[in-house]
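Q: If it helps, the file is called upload.cif and holds mmCIF, C-alpha atoms and all ligand atoms:
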```cif
data_query
loop_
_atom_site.label_atom_id
_atom_site.label_comp_id
_atom_site.auth_asym_id
_atom_site.auth_seq_id
_atom_site.Cartn_x
_atom_site.Cartn_y
_atom_site.Cartn_z
CA MET A 285 78.33 180.66 -114.16
CA ALA A 286 80.92 180.16 -116.87
CA GLU A 287 80.96 183.87 -117.48
CA GLU A 288 82.26 184.47 -113.94
CA HIS A 289 85.49 182.65 -114.71
CA ARG A 290 86.07 184.25 -118.06
CA PRO A 291 89.54 185.75 -118.00
CA GLU A 292 89.17 188.26 -120.80
CA ARG A 293 88.33 191.84 -119.99
CA GLU A 294 85.02 193.55 -120.44
CA PRO A 295 85.08 197.03 -121.88
CA GLY A 296 86.57 199.50 -119.44
CA ARG A 297 84.41 201.88 -117.56
CA ALA A 298 85.64 205.40 -117.30
CA VAL A 299 84.24 207.15 -114.27
CA ALA A 300 84.36 210.72 -113.09
CA ALA A 301 87.16 212.81 -114.54
CA PRO A 302 90.01 213.19 -112.07
CA PRO A 303 90.05 216.28 -109.87
CA SER A 304 91.86 219.06 -111.68
CA GLU A 305 94.37 219.55 -108.87
CA LYS A 306 95.57 215.94 -109.13
CA PRO A 307 97.84 214.97 -112.05
CA THR A 308 96.06 211.67 -112.63
CA SER A 309 94.38 210.08 -115.62
CA ALA A 310 90.82 208.77 -115.66
CA LEU A 311 90.06 205.72 -113.59
CA VAL A 312 89.22 202.53 -115.45
CA VAL A 313 87.51 199.52 -113.87
CA GLU A 314 87.71 196.17 -115.62
CA ARG A 315 87.39 192.53 -114.78
CA ILE A 316 90.69 191.00 -113.78
CA ALA A 317 92.63 188.99 -116.33
CA ALA A 318 95.24 186.33 -115.67
CA GLN A 319 98.10 188.71 -116.41
CA ASP A 320 96.88 191.03 -113.62
CA VAL A 321 97.39 188.45 -110.87
CA PRO A 322 100.96 189.48 -109.85
CA ALA A 323 99.99 193.17 -109.63
CA VAL A 324 96.85 192.31 -107.65
CA CYS A 325 98.82 190.20 -105.17
CA ALA A 326 101.39 192.98 -104.81
CA LEU A 327 98.58 195.41 -103.99
CA TYR A 328 97.08 193.13 -101.32
CA LYS A 329 100.54 192.80 -99.78
CA LYS A 330 101.12 196.55 -99.82
CA VAL A 331 97.75 197.33 -98.26
CA TRP A 332 97.79 194.75 -95.49
CA GLU A 333 101.44 195.20 -94.58
CA ALA A 334 100.53 198.82 -93.88
CA GLU A 335 97.48 197.89 -91.78
CA THR A 336 98.95 195.47 -89.28
CA THR A 337 98.58 197.59 -86.16
CA GLY A 338 96.71 195.44 -83.71
CA LEU A 339 95.30 193.07 -86.30
CA PRO A 340 95.65 189.33 -85.64
CA ALA A 341 98.66 188.07 -87.60
CA PRO A 342 96.85 185.06 -89.15
CA LEU A 343 94.17 187.40 -90.47
CA VAL A 344 96.67 189.78 -92.04
CA LYS A 345 98.51 186.86 -93.60
CA SER A 346 95.33 185.34 -94.99
CA TRP A 347 94.60 188.57 -96.88
CA GLN A 348 97.94 188.52 -98.72
CA PRO A 349 97.56 185.70 -101.25
CA THR A 350 100.36 184.35 -103.36
CA PRO A 351 99.60 184.30 -107.10
CA LEU A 352 98.70 180.63 -106.77
CA GLU A 353 96.36 181.33 -103.85
CA PHE A 354 94.75 184.25 -105.66
CA THR A 355 94.13 182.07 -108.70
CA SER A 356 92.25 179.77 -106.34
CA TRP A 357 90.31 182.76 -104.91
CA MET A 358 89.18 183.55 -108.46
CA GLU A 359 87.26 180.30 -108.71
CA GLY A 360 83.61 181.27 -108.35
CA VAL A 361 84.42 184.93 -107.70
CA THR A 362 84.41 187.73 -110.26
CA TYR A 363 87.17 190.23 -109.48
CA PHE A 364 87.39 193.81 -110.68
CA ALA A 365 90.52 195.95 -110.82
CA ALA A 366 90.65 199.74 -110.88
CA ARG A 367 93.55 201.20 -112.84
CA ARG A 368 95.15 204.57 -113.26
CA ASP A 369 97.70 204.82 -116.09
CA GLY A 370 97.59 201.03 -116.28
CA ARG A 371 98.55 200.65 -112.61
CA VAL A 372 96.28 198.51 -110.43
CA VAL A 373 95.15 200.78 -107.58
CA GLY A 374 92.15 198.86 -106.26
CA VAL A 375 90.58 195.42 -106.26
CA LEU A 376 87.16 194.01 -105.34
CA GLY A 377 85.58 190.58 -105.76
CA CYS A 378 81.92 189.63 -106.01
CA ALA A 379 80.66 186.07 -105.60
CA LEU A 380 77.16 184.82 -106.21
CA GLU A 381 76.18 182.86 -103.12
CA ASP A 382 72.68 181.45 -102.72
CA GLY A 383 71.46 183.94 -105.29
CA SER A 384 72.96 187.01 -103.58
CA GLY A 385 76.12 188.93 -104.36
CA HIS A 386 78.82 188.73 -101.70
CA LEU A 387 81.49 191.44 -101.92
CA VAL A 388 84.94 190.27 -100.91
CA HIS A 389 88.55 191.40 -100.58
CA LEU A 390 88.12 195.11 -101.23
CA VAL A 391 91.35 197.12 -101.09
CA VAL A 392 92.52 200.45 -102.43
CA ASP A 393 96.16 201.50 -102.65
CA PRO A 394 96.85 203.94 -99.75
CA GLU A 395 98.31 206.40 -102.29
CA PHE A 396 94.98 206.58 -104.14
CA ARG A 397 92.43 206.77 -101.34
CA ARG A 398 89.58 209.29 -101.17
CA GLN A 399 89.65 209.50 -104.98
CA LYS A 400 86.50 207.37 -105.45
CA VAL A 401 88.41 204.24 -106.41
CA ALA A 402 86.35 202.03 -104.09
CA THR A 403 83.20 203.82 -105.23
CA ALA A 404 83.98 202.92 -108.86
CA LEU A 405 84.80 199.30 -107.96
CA LEU A 406 81.56 198.94 -106.02
CA ALA A 407 79.57 200.46 -108.89
CA ALA A 408 81.04 197.87 -111.27
CA ALA A 409 80.38 194.99 -108.86
CA LEU A 410 76.81 196.09 -108.13
CA ASP A 411 76.14 196.46 -111.84
CA TRP A 412 77.54 192.98 -112.47
CA ALA A 413 75.47 191.49 -109.61
CA LYS A 414 72.34 193.18 -110.91
CA ARG A 415 72.95 191.84 -114.40
CA SER A 416 73.42 188.42 -112.79
CA ASN A 417 69.88 188.78 -111.36
CA ALA A 418 71.00 189.04 -107.75
CA PRO A 419 68.35 190.91 -105.71
CA GLU A 420 70.94 192.22 -103.26
CA VAL A 421 74.61 192.35 -102.42
CA TRP A 422 76.15 192.07 -98.98
CA ALA A 423 79.52 192.64 -97.46
CA ASP A 424 81.29 191.88 -94.21
CA SER A 425 84.01 194.00 -92.73
CA LEU A 426 85.86 194.08 -89.44
CA ALA A 427 83.95 196.47 -87.19
CA ARG A 428 87.21 198.30 -86.50
CA PHE A 429 87.55 199.27 -90.19
CA SER A 430 85.94 202.69 -89.93
CA ALA A 431 86.81 203.69 -93.51
CA ALA A 432 85.02 200.64 -94.91
CA SER A 433 81.98 201.29 -92.70
CA ALA A 434 81.88 204.92 -93.81
CA LEU A 435 82.23 203.86 -97.44
CA PHE A 436 79.38 201.34 -97.34
CA ARG A 437 77.08 203.75 -95.53
CA HIS A 438 78.01 206.54 -97.94
CA LEU A 439 77.01 204.29 -100.85
CA GLY A 440 73.61 203.46 -99.37
CA PHE A 441 74.35 200.12 -97.76
CA ALA A 442 72.36 199.32 -94.62
CA THR A 443 74.02 197.75 -91.60
CA CYS A 444 72.27 194.43 -91.10
CA GLY A 445 74.16 192.61 -88.41
CA LEU A 446 77.16 192.28 -86.16
CA LEU A 447 78.99 189.04 -85.57
CA HIS A 448 80.77 189.20 -82.23
CA LYS A 449 84.34 187.89 -82.06
CA HIS A 450 83.66 186.16 -85.35
CA GLN A 451 86.98 186.30 -87.19
CA TRP A 452 90.10 185.72 -85.12
CA ASN A 453 88.32 187.27 -82.13
CA GLU A 454 87.35 190.35 -84.17
CA ASP A 455 83.80 191.73 -84.44
CA VAL A 456 82.51 191.66 -88.01
CA GLN A 457 79.93 194.15 -89.30
CA LEU A 458 77.49 193.09 -92.03
CA PHE A 459 76.14 195.43 -94.71
CA GLU A 460 73.56 194.91 -97.44
CA HIS A 461 72.31 196.79 -100.48
CA LEU A 462 69.14 195.94 -102.37
CA LEU A 463 69.50 196.10 -106.14
C1 LIG A 501 87.88 201.33 -97.29
C2 LIG A 501 88.61 201.68 -98.58
C3 LIG A 501 88.43 200.53 -99.56
C4 LIG A 501 87.99 202.97 -99.17
O1 LIG A 501 88.55 203.21 -100.46
P1 LIG A 501 88.56 204.67 -101.15
O2 LIG A 501 88.85 204.49 -102.57
O3 LIG A 501 89.44 205.59 -100.37
O4 LIG A 501 87.04 205.14 -100.96
P2 LIG A 501 86.26 206.27 -101.81
O5 LIG A 501 87.22 207.34 -102.21
O6 LIG A 501 85.50 205.62 -102.90
O7 LIG A 501 85.29 206.85 -100.68
C5 LIG A 501 83.93 207.18 -100.94
C6 LIG A 501 83.31 207.73 -99.68
O8 LIG A 501 83.38 206.76 -98.61
C7 LIG A 501 83.64 207.44 -97.34
N1 LIG A 501 85.01 207.14 -96.88
C8 LIG A 501 85.95 206.44 -97.52
N2 LIG A 501 87.08 206.36 -96.77
C9 LIG A 501 86.83 207.06 -95.65
C10 LIG A 501 87.60 207.36 -94.49
N3 LIG A 501 88.87 206.93 -94.34
N4 LIG A 501 87.02 208.10 -93.51
C11 LIG A 501 85.75 208.53 -93.63
N5 LIG A 501 84.96 208.29 -94.72
C12 LIG A 501 85.50 207.56 -95.70
C13 LIG A 501 83.56 208.93 -97.68
O9 LIG A 501 82.17 209.29 -97.55
C14 LIG A 501 83.99 208.96 -99.13
O10 LIG A 501 83.55 210.10 -99.84
P3 LIG A 501 84.39 211.49 -99.71
O11 LIG A 501 85.84 211.16 -99.93
O12 LIG A 501 83.79 212.35 -100.79
O13 LIG A 501 84.15 212.01 -98.32
C15 LIG A 501 90.12 201.95 -98.32
O14 LIG A 501 90.24 202.86 -97.27
C16 LIG A 501 90.91 200.70 -97.98
O15 LIG A 501 91.40 200.01 -98.87
N6 LIG A 501 91.05 200.42 -96.67
C17 LIG A 501 91.85 199.25 -96.22
C18 LIG A 501 91.21 197.95 -96.64
C19 LIG A 501 89.79 197.81 -96.16
O16 LIG A 501 89.37 198.26 -95.10
N7 LIG A 501 89.00 197.12 -96.99
C20 LIG A 501 87.60 196.89 -96.74
C21 LIG A 501 87.39 195.55 -96.21
S1 LIG A 501 85.63 195.20 -96.27
#
```
Can you turn what I pasted into structure tokens?

A:
Amino acid sequence: MAEEHRPEREPGRAVAAPPSEKPTSALVVERIAAQDVPAVCALYKKVWEAETTGLPAPLVKSWQPTPLEFTSWMEGVTYFAARRDGRVVGVLGCALEDGSGHLVHLVVDPEFRRQKVATALLAAALDWAKRSNAPEVWADSLARFSAASALFRHLGFATCGLLHKHQWNEDVQLFEHLL
């Protein structure tokens, strides 16, 4: 488990070349390092401040960690950051729980959506979970998050449950992917 907490970066993973019509560099996904924490927290704040419509306030607040809180989140969870031109544009965590990989806290900067950022983050997390001998990964997402549901289904996850009024009175959808 020590490897999960290791702050140094693994070699970057360049994914698909950017679409020619977009003036963007290649996307790089790496494990998060300590110096990334402020940028990661700023991204969570940006994403969830833009998504507040109708969401319970305590839930929205709980997804915007301070740097100190995020450092605590990192205990036992391996986080990946996606970068374009050095800018953090997406984050995803993966925790090993009871031998399975649990995907947590996925966000992509609204300015960089539908550019396969989440796809690249999930590929890195699934690869890491597989190398950690997890037989499957699972994720939970508010049922109202249609983009997340579409993403998981698009990437071959199966829906495996629905928890009614589970999180601040919100239905939570469960997804799983065998490795
Ligand atoms: C859900 C989220 C992470 C998706 O990130 P993304 O980088 O835009 O996703 P990708 O570009 O990798 O999408 C891959 C595929 O997923 C599906 N998908 C993603 N977003 C979608 C949307 N808004 N509507 C429909 N399908 C969508 C599509 O099939 C897409 O492929 P396509 O663009 O070729 O059609 C992003 O919308 C987000 O951060 N949302 C707010 C936070 C959130 O809901 N987090 C998840 C909590 S579990």

Q: Measure the distance from atom CA of A:Thr350 to atom CA of A:Gln319 in Å and round it to one decimal.

A: 13.9 Å

Q: Would you please work out which residue, of A:Ala310, A:Leu426, A:Ile316, A:Leu406, is nearest to A:Gln457 when using only C-alpha atoms?

A: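 Comparing A:Ala310, A:Leu426, A:Ile316, A:Leu406 against A:Gln457, the winner is A:Leu426.
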
Q: Go ahead and compute the interatomic distance for atom CA of A:Lys330 and atom CA of A:Asp393, in Å to one decimal.

A: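 So the two atoms, atom CA of A:Lys330 and atom CA of A:Asp393, lie 7.6 Å apart.
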
Q: Hey, which residues come within 8 Å of ligand LIG 501 (chain A) if we count all atoms listed in the file? Could you give them as a ChimeraX atom specification?

A: /A:331-332,335,374,387-394,396-404,423-426,429-439

Q: Just to confirm, what's the straight-line distance from atom CA of A:Arg315 to atom CA of A:Gly360 in Å (one decimal)?

A: 13.5 Å

Q: Considering all atoms listed in the file, can you say which of A:Ala379, A:Ala334, A:Ala341, A:Val324 comes closest to A:Ala366?

A: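 Of all the options, A:Val324 lies closest to A:Ala366.
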
Q: Residues near A:Val421, anyone? I mean within 8 Å using all atoms listed in the file, not counting same-chain ones fewer than 4 positions away, as an NGL selection string.

A: :A and (384-387 or 410 or 413 or 460-463)

Q: Would you list the contacts of A:Ala326 as an MDAnalysis selection string, taking every protein, DNA or RNA residue within 10 Å and counting all atoms listed in the file, but skipping same-chain residues closer than 3 positions in sequence?

A: chainID A and resid 321:323 329:331 348:351 372

Q: Between A:Arg428, A:Ala418, A:Gly377, A:Asp382, which is the closest to A:Thr337 once you count all atoms listed in the file?

A: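 Result for the nearest residue to A:Thr337: A:Arg428.
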
Q: Kindly provide, as JSON, the centre and edge lengths (Å, one decimal) of an axis-aligned box around all atoms of stretch 400-415 of chain A given in the file, with 4 Å on each side.

A:
```
{"center_x": 80.4, "center_y": 199.4, "center_z": -109.2, "size_x": 24.1, "size_y": 23.9, "size_z": 18.3}
```
